[in-house]
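*Asks:* Below you will find the structure I want to go over with you.
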Amino acid sequence: MDPKGTTPPGTADHRFGLDELPEAVFVTDPDHVIVAANKAAAELLGYAPEELVGWPLDKIFPRQPHGMSLLMADGSGSTKFEIKMKTKTGKMVLMSFVAAPIGSGTGRRPLVYLGRDIRLRKLVEGEIKRARDYFRTVMQNSPSGICVTDVNRTIVMVNTVAEELTGYTSDEMVGRHVTFFYPDQGGPPLDFLALRKGGKVSREVDLKRKDGKTAPVLAFYRLVEDERGEKEMIIESYSDLTDRKRLDRLKNEFVFVAAHELRNPVTAIRLLLNMVFEDKRITLDPTLRGYLLKIQEADKRLLQLVDDLLEVSRSESGRLKIQVSPQDLTELVKTIFNEIKPNALTRDVSLRHIPLTPMPAAMADPSKLKEIIANLVTNGVKYNVAGGSVTIEHEVRGGMLLTHVADTGIGISEEDQERLFEKFWRSEDMAVRAQSGTGLGLFIVKELVERMGGTLDVTSKIGRGTTFTFTLPLAHGKAPLKPKMKGKK
Ligand code: ADP
């Protein structure tokens with residue numbers, strides 16, 4: 001087109017350069033008669049460009065577009081409109097147009113129409129709408145509560161199950177920050193790094209309901225892009241855990257009562273057997289003695305199982321009472337070693353304690369601490385080899401007392417280390433299966449250590465040995481109890 005707009009319309013110059021444009025272009029004279037059309041316009045309608053020249057505009061626009069009357073009257077400004085145009089074959093094409101007068105001044109002037117085929121855009125918009133409707137249907141019919149938030153965790157939409165779980169209506173939730181129904185606002189932030197890697201992040205949370213009650217749920221988080229691929233959104237889904245928690249409580253209650261009731265007869269058998277062995281008036285022939293020793297061994301295992309079950313159910317029902325005070329581990333380790341020594345001697349495993357000088361006191365519950373150390377040392381002996389050792393050493397780091405229980409035994413594979421602290425888990429290794437055990441010891445140890453404010457970790461190499469490290473808070477400001485000299489036990 002003449003860039004200055006000075007060439008009179010109706011000449012071939014009006015087509016100059018227009019054919020290069022991907023948009024459809026029509027130029028009309030002030031009487032709305034087409035004086036030029038470019039290649040794209042002609043192809044769109046199915047005519048040759050010359051065929052269109054001389055046509056009145058209303059031949060290609062079946063109705064007068066919105067905003068055109070003003071433009072036509074005085075030729076001022078420009079207007080935009082969408083219109084369906086009929087092609088030579090009778091097909092309808094949806095177009096979006098910008099129309100503007102050519103040249104400066106007011107009054108009747110030639111006009112240019114620049115049009116774009118918007119079928120594709122409409123198609124995409126339709127697809128987006130369908131996808132959105134589909135998502136809404138799936139979301140509304142999901143048995144889980146679903147809450148969609150933006151990356152700042154402002155609620156964008158919720159489904160009916162989420163409304164039921166929280167007691168709030170969708171209107172009360174949308175636009176608010178999601179933490180208003182999370183009581184753990186100070187809890188750890190969402191792991192966005194894991195979410196961005198496409199990982200599923202989940203955690204148990206108690207939703208704070210509108211009526212003041214709480215609803216335990218397992219919440220899953222997923223980071224997704226919105227339907228236009230422009231913004232990141234978080235989809236949170238909640239599975240109601242109320243029933244599972246109730247069943248857990250019942251199961252726990254049952255285990256506790258059963259284990260508690262079992263403890264009496266099992267202890268009675270142990271006491272009676274001890275009396276039989278110690279009573280000088282009773283002479284046991286070797287066969288009978290052998291049987292009774294086997295019964296005593298089985299009873300010991302049964303008592304261990306019952307005690308472990310009691311401890312697990314106490315911990316899970318919140319019945320575990322822990323009272324911490326400053327503790328000296330030196331004396332405690334000595335007592336434990338004395339109890340375990342006979343078993344260690346039989347297996348040719350030596351026990352060694354290297355206390356710090358002076359030995360700082362740690363905050364712990366004395367009976368639980370004994371349970372922790374006894375468990376780890378017993379395992380160190382049980383899963384060891386003849387001629388091996390179990391060594392206890394300590395370190396002070398970051399206000400904590402670290403205790404390492406290192407053995408030179410069979411070791412634990414990396415794969416097994418992942419499951420080590422699970423309830424009832426025992427390795428499939430033949431050397432492990434040859435030993436009696438419940439698979440509850442480490443679960444209990446971890447629970448106890450964590451309840452006392454510490455952590456439990458493991459490092460191990462197959463065939464080389466295992467080191468368990470537990471930490472306990474130092475008894476700050478308290479003088480170390482009975483400082484000991486470094487030495488071999
Ligand atoms: P248990 O010893 O009664 O089987 P634990 O909970 O104490 O139960 O230990 C679970 C499992 O962890 C054991 O069965 C064994 O497979 C492995 N394990 C624990 N301690 C050690 C260790 N010091 N060396 C090698 N394996 C161990």
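The chains in the structure tokens are called A, B, ... from first to last as shown; in each chain the residues are counted from 1, and the ligands are counted from 1 in the order shown.
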Show me which residues line ligand 1, defined as having an atom within 7 Å of a ligand atom where only C-alpha atoms and all ligand atoms count, and present them as a list in words.
*Replies:*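 These are the residues that qualify: Asn375, Leu376, Asn379, Gly380, Tyr383, Asn384, Asp407, Gly409, Ile410, Gly411, Ile412, Leu420, Phe421, Phe424, Trp425, Arg426, Ser427, Val432, Ser436, Gly437, Thr438, Gly439, Leu440, Gly441, Leu442, Phe443, Gly465 and Thr466 of chain A.
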*Asks:* Restricting it to N, CA, C and O atoms, dump the selection as a JSON list (two decimals), in the first residue's frame.
*Replies:*
```json
[["chain", "number", "residue", "atom", "x", "y", "z"],
["A", 375, "ASN", "N", 19.35, -52.63, 73.13],
["A", 375, "ASN", "CA", 18.87, -53.12, 71.84],
["A", 375, "ASN", "C", 19.96, -53.07, 70.79],
["A", 375, "ASN", "O", 20.17, -54.03, 70.04],
["A", 376, "LEU", "N", 20.66, -51.92, 70.71],
["A", 376, "LEU", "CA", 21.69, -51.76, 69.67],
["A", 376, "LEU", "C", 22.87, -52.69, 69.93],
["A", 376, "LEU", "O", 23.42, -53.28, 68.98],
["A", 379, "ASN", "N", 21.88, -56.31, 69.11],
["A", 379, "ASN", "CA", 21.92, -56.53, 67.66],
["A", 379, "ASN", "C", 23.37, -56.65, 67.18],
["A", 379, "ASN", "O", 23.69, -57.48, 66.33],
["A", 380, "GLY", "N", 24.24, -55.77, 67.71],
["A", 380, "GLY", "CA", 25.66, -55.78, 67.32],
["A", 380, "GLY", "C", 26.30, -57.12, 67.61],
["A", 380, "GLY", "O", 27.17, -57.58, 66.88],
["A", 383, "TYR", "N", 24.23, -60.02, 65.25],
["A", 383, "TYR", "CA", 24.52, -60.03, 63.81],
["A", 383, "TYR", "C", 26.02, -59.82, 63.56],
["A", 383, "TYR", "O", 26.43, -59.08, 62.69],
["A", 384, "ASN", "N", 26.82, -60.49, 64.39],
["A", 384, "ASN", "CA", 28.28, -60.37, 64.30],
["A", 384, "ASN", "C", 28.89, -61.69, 63.88],
["A", 384, "ASN", "O", 28.16, -62.67, 63.61],
["A", 407, "ASP", "N", 29.63, -52.20, 65.09],
["A", 407, "ASP", "CA", 30.01, -53.62, 65.15],
["A", 407, "ASP", "C", 30.81, -54.01, 63.92],
["A", 407, "ASP", "O", 30.87, -53.27, 62.94],
["A", 409, "GLY", "N", 30.22, -56.78, 62.25],
["A", 409, "GLY", "CA", 29.43, -57.96, 61.84],
["A", 409, "GLY", "C", 29.11, -58.06, 60.36],
["A", 409, "GLY", "O", 29.85, -57.56, 59.50],
["A", 410, "ILE", "N", 27.94, -58.66, 60.08],
["A", 410, "ILE", "CA", 27.58, -59.04, 58.71],
["A", 410, "ILE", "C", 27.22, -57.84, 57.82],
["A", 410, "ILE", "O", 27.24, -57.94, 56.61],
["A", 411, "GLY", "N", 26.87, -56.70, 58.43],
["A", 411, "GLY", "CA", 26.52, -55.50, 57.65],
["A", 411, "GLY", "C", 25.11, -55.57, 57.08],
["A", 411, "GLY", "O", 24.43, -56.61, 57.14],
["A", 412, "ILE", "N", 24.66, -54.44, 56.54],
["A", 412, "ILE", "CA", 23.30, -54.33, 56.00],
["A", 412, "ILE", "C", 23.39, -53.72, 54.60],
["A", 412, "ILE", "O", 24.03, -52.67, 54.44],
["A", 420, "LEU", "N", 14.98, -50.62, 57.26],
["A", 420, "LEU", "CA", 15.50, -51.02, 58.57],
["A", 420, "LEU", "C", 14.63, -50.65, 59.77],
["A", 420, "LEU", "O", 14.50, -51.40, 60.72],
["A", 421, "PHE", "N", 14.01, -49.46, 59.68],
["A", 421, "PHE", "CA", 13.28, -48.98, 60.86],
["A", 421, "PHE", "C", 11.78, -49.24, 60.78],
["A", 421, "PHE", "O", 11.00, -48.70, 61.56],
["A", 424, "PHE", "N", 8.33, -54.76, 62.27],
["A", 424, "PHE", "CA", 8.36, -56.18, 61.89],
["A", 424, "PHE", "C", 9.29, -56.50, 60.73],
["A", 424, "PHE", "O", 9.30, -57.62, 60.24],
["A", 425, "TRP", "N", 10.08, -55.53, 60.26],
["A", 425, "TRP", "CA", 10.96, -55.84, 59.13],
["A", 425, "TRP", "C", 12.21, -56.58, 59.61],
["A", 425, "TRP", "O", 12.84, -56.19, 60.58],
["A", 426, "ARG", "N", 12.55, -57.68, 58.94],
["A", 426, "ARG", "CA", 13.80, -58.39, 59.21],
["A", 426, "ARG", "C", 14.42, -58.74, 57.86],
["A", 426, "ARG", "O", 13.70, -59.05, 56.91],
["A", 427, "SER", "N", 15.73, -58.71, 57.79],
["A", 427, "SER", "CA", 16.39, -59.02, 56.51],
["A", 427, "SER", "C", 16.14, -60.48, 56.13],
["A", 427, "SER", "O", 15.92, -61.34, 56.98],
["A", 432, "VAL", "N", 20.75, -63.59, 59.28],
["A", 432, "VAL", "CA", 19.78, -62.90, 60.15],
["A", 432, "VAL", "C", 18.70, -63.88, 60.55],
["A", 432, "VAL", "O", 18.34, -63.99, 61.74],
["A", 436, "SER", "N", 17.02, -65.45, 66.42],
["A", 436, "SER", "CA", 15.62, -65.15, 66.74],
["A", 436, "SER", "C", 15.46, -63.63, 66.85],
["A", 436, "SER", "O", 16.40, -62.92, 67.19],
["A", 437, "GLY", "N", 14.27, -63.16, 66.54],
["A", 437, "GLY", "CA", 14.04, -61.71, 66.63],
["A", 437, "GLY", "C", 12.61, -61.40, 66.23],
["A", 437, "GLY", "O", 11.91, -62.22, 65.63],
["A", 438, "THR", "N", 12.18, -60.18, 66.56],
["A", 438, "THR", "CA", 10.79, -59.78, 66.28],
["A", 438, "THR", "C", 10.71, -58.74, 65.16],
["A", 438, "THR", "O", 9.65, -58.51, 64.60],
["A", 439, "GLY", "N", 11.82, -58.08, 64.87],
["A", 439, "GLY", "CA", 11.78, -56.99, 63.87],
["A", 439, "GLY", "C", 11.15, -55.73, 64.44],
["A", 439, "GLY", "O", 10.78, -54.83, 63.70],
["A", 440, "LEU", "N", 11.05, -55.68, 65.78],
["A", 440, "LEU", "CA", 10.43, -54.48, 66.39],
["A", 440, "LEU", "C", 11.46, -53.59, 67.10],
["A", 440, "LEU", "O", 11.20, -52.43, 67.36],
["A", 441, "GLY", "N", 12.65, -54.19, 67.39],
["A", 441, "GLY", "CA", 13.65, -53.49, 68.19],
["A", 441, "GLY", "C", 14.03, -52.13, 67.64],
["A", 441, "GLY", "O", 13.96, -51.11, 68.35],
["A", 442, "LEU", "N", 14.44, -52.07, 66.37],
["A", 442, "LEU", "CA", 14.91, -50.79, 65.81],
["A", 442, "LEU", "C", 13.79, -49.77, 65.68],
["A", 442, "LEU", "O", 14.00, -48.57, 65.83],
["A", 443, "PHE", "N", 12.58, -50.27, 65.38],
["A", 443, "PHE", "CA", 11.42, -49.37, 65.30],
["A", 443, "PHE", "C", 11.25, -48.67, 66.65],
["A", 443, "PHE", "O", 11.07, -47.45, 66.73],
["A", 465, "GLY", "N", 30.53, -54.49, 58.60],
["A", 465, "GLY", "CA", 29.98, -54.07, 59.89],
["A", 465, "GLY", "C", 29.02, -52.90, 59.77],
["A", 465, "GLY", "O", 28.83, -52.35, 58.69],
["A", 466, "THR", "N", 28.41, -52.58, 60.92],
["A", 466, "THR", "CA", 27.36, -51.56, 60.94],
["A", 466, "THR", "C", 27.61, -50.61, 62.10],
["A", 466, "THR", "O", 28.06, -51.03, 63.17]]
```
*Asks:* Leaving out segment 262-270 of chain A and any residue of its chain fewer than 4 positions from it, which residues lie within 12 Å of it when counting only C-alpha atoms, given as a PyMOL selection string?
*Replies:* chain A and resi 255-258+274-277+292-310
*Asks:* Please return, as a VMD selection string, all residues of segment 23-272 of chain A that DSSP assigns to strand (DSSP E or B) on the basis of the backbone.
*Replies:* chain A and resid 24 to 28 33 to 37 56 79 to 86 92 to 101 111 to 117 145 to 150 154 to 158 177 201 to 208 214 to 225 232 to 240
*Asks:* Which of these, A:Val35, A:Met173, A:Ala24, A:Leu123, has the shortest distance to Phe97 of chain A once you count only C-alpha atoms?
*Replies:*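 Distance minimum relative to Phe97 of chain A lands on A:Ala24.
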*Asks:* Here is a test: counting only C-alpha atoms, which residue of A:Met363, A:Leu356, A:Met85, A:Met452 is nearest to Leu44 of chain A?
*Replies:*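 Nearest to Leu44 of chain A: A:Met85.
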*Asks:* Pick out the residues sitting within 10 Å of Asp248 of chain A, and hand them over as JSON, numbers by chain; count only C-alpha atoms, and ignore anything fewer than 6 positions along from it in its own chain.
*Replies:* {"A": [242, 254, 316, 317]}
*Asks:* Please produce an output containing C-alpha atoms for each residue in the selection, written as a PDB file, in the first residue's frame.
*Replies:*
```
ATOM      1  CA  THR A 242     -10.872 -40.587  60.248  1.00  0.00           C
ATOM      2  CA  PHE A 254      -6.446 -54.932  71.058  1.00  0.00           C
ATOM      3  CA  GLU A 316       1.371 -45.528  68.955  1.00  0.00           C
ATOM      4  CA  SER A 317      -1.403 -44.754  71.394  1.00  0.00           C
TER       5      SER A 317
END
```
*Asks:* Excluding same-chain residues fewer than 6 positions from Asp150 of chain A, what lies within 8 Å of it counting only C-alpha atoms, as a ChimeraX atom specification?
*Replies:* /A:156,231-234
*Asks:* Could you save those same residues with N, CA and C atoms as a CSV table (one decimal), in the first residue's frame?
*Replies:*
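Here's the written file again.csv:
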```
chain,number,residue,atom,x,y,z
A,156,VAL,N,-7.9,-21.5,44.5
A,156,VAL,CA,-8.5,-21.1,43.2
A,156,VAL,C,-9.8,-21.8,43.1
A,231,LYS,N,0.7,-20.6,33.9
A,231,LYS,CA,0.9,-20.5,35.4
A,231,LYS,C,1.1,-21.9,36.0
A,232,GLU,N,1.8,-21.9,37.1
A,232,GLU,CA,1.9,-23.2,37.8
A,232,GLU,C,0.8,-23.2,38.9
A,233,MET,N,0.2,-24.3,39.0
A,233,MET,CA,-0.9,-24.5,40.0
A,233,MET,C,-0.5,-25.7,40.9
A,234,ILE,N,-1.0,-25.7,42.1
A,234,ILE,CA,-0.8,-26.9,43.0
A,234,ILE,C,-2.2,-27.5,43.2
```
*Asks:* Please list as a compact mmCIF listing (two decimals) with N, CA and C atoms, in the first residue's frame every residue within 6 Å of Phe26 of chain A, counting only C-alpha atoms and excluding residues in the same chain fewer than 6 positions away.
*Replies:*
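Dumped everything to around_11.txt:
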```
# COMPACT_ATOMS: atom_id res chain seq x y z
N ALA A 36 -9.54 -3.12 -3.90
CA ALA A 36 -8.39 -4.04 -3.90
C ALA A 36 -8.60 -5.11 -2.84
N ALA A 37 -8.08 -6.31 -3.15
CA ALA A 37 -8.08 -7.39 -2.17
C ALA A 37 -6.78 -8.14 -2.36
N VAL A 112 -9.62 0.47 4.91
CA VAL A 112 -8.90 -0.80 4.76
C VAL A 112 -9.40 -1.77 5.83
N TYR A 113 -9.59 -3.04 5.40
CA TYR A 113 -10.06 -4.09 6.32
C TYR A 113 -8.98 -5.14 6.43
```
*Asks:* Quick one: pull the distance between atom CA of Asn152 of chain A and atom CA of Leu241 of chain A, Å, one decimal.
*Replies:* 26.4 Å
*Asks:* I'd like to know which residues of segment 117-330 of chain A are helix (DSSP H, G or I) (by DSSP, run on the backbone); could you write them as an NGL selection string?
*Replies:* :A and (119-141 or 160-166 or 170-173 or 178-181 or 192-196 or 242-278 or 286-316 or 329-330)
*Asks:* Which residue gives the smallest distance to Ser237 of chain A among A:Ala386, A:Leu345, A:Ile118, A:Leu223, with only C-alpha atoms counted?
*Replies:*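 Of A:Ala386, A:Leu345, A:Ile118, A:Leu223, the one nearest Ser237 of chain A, counting only C-alpha atoms, is A:Leu223.
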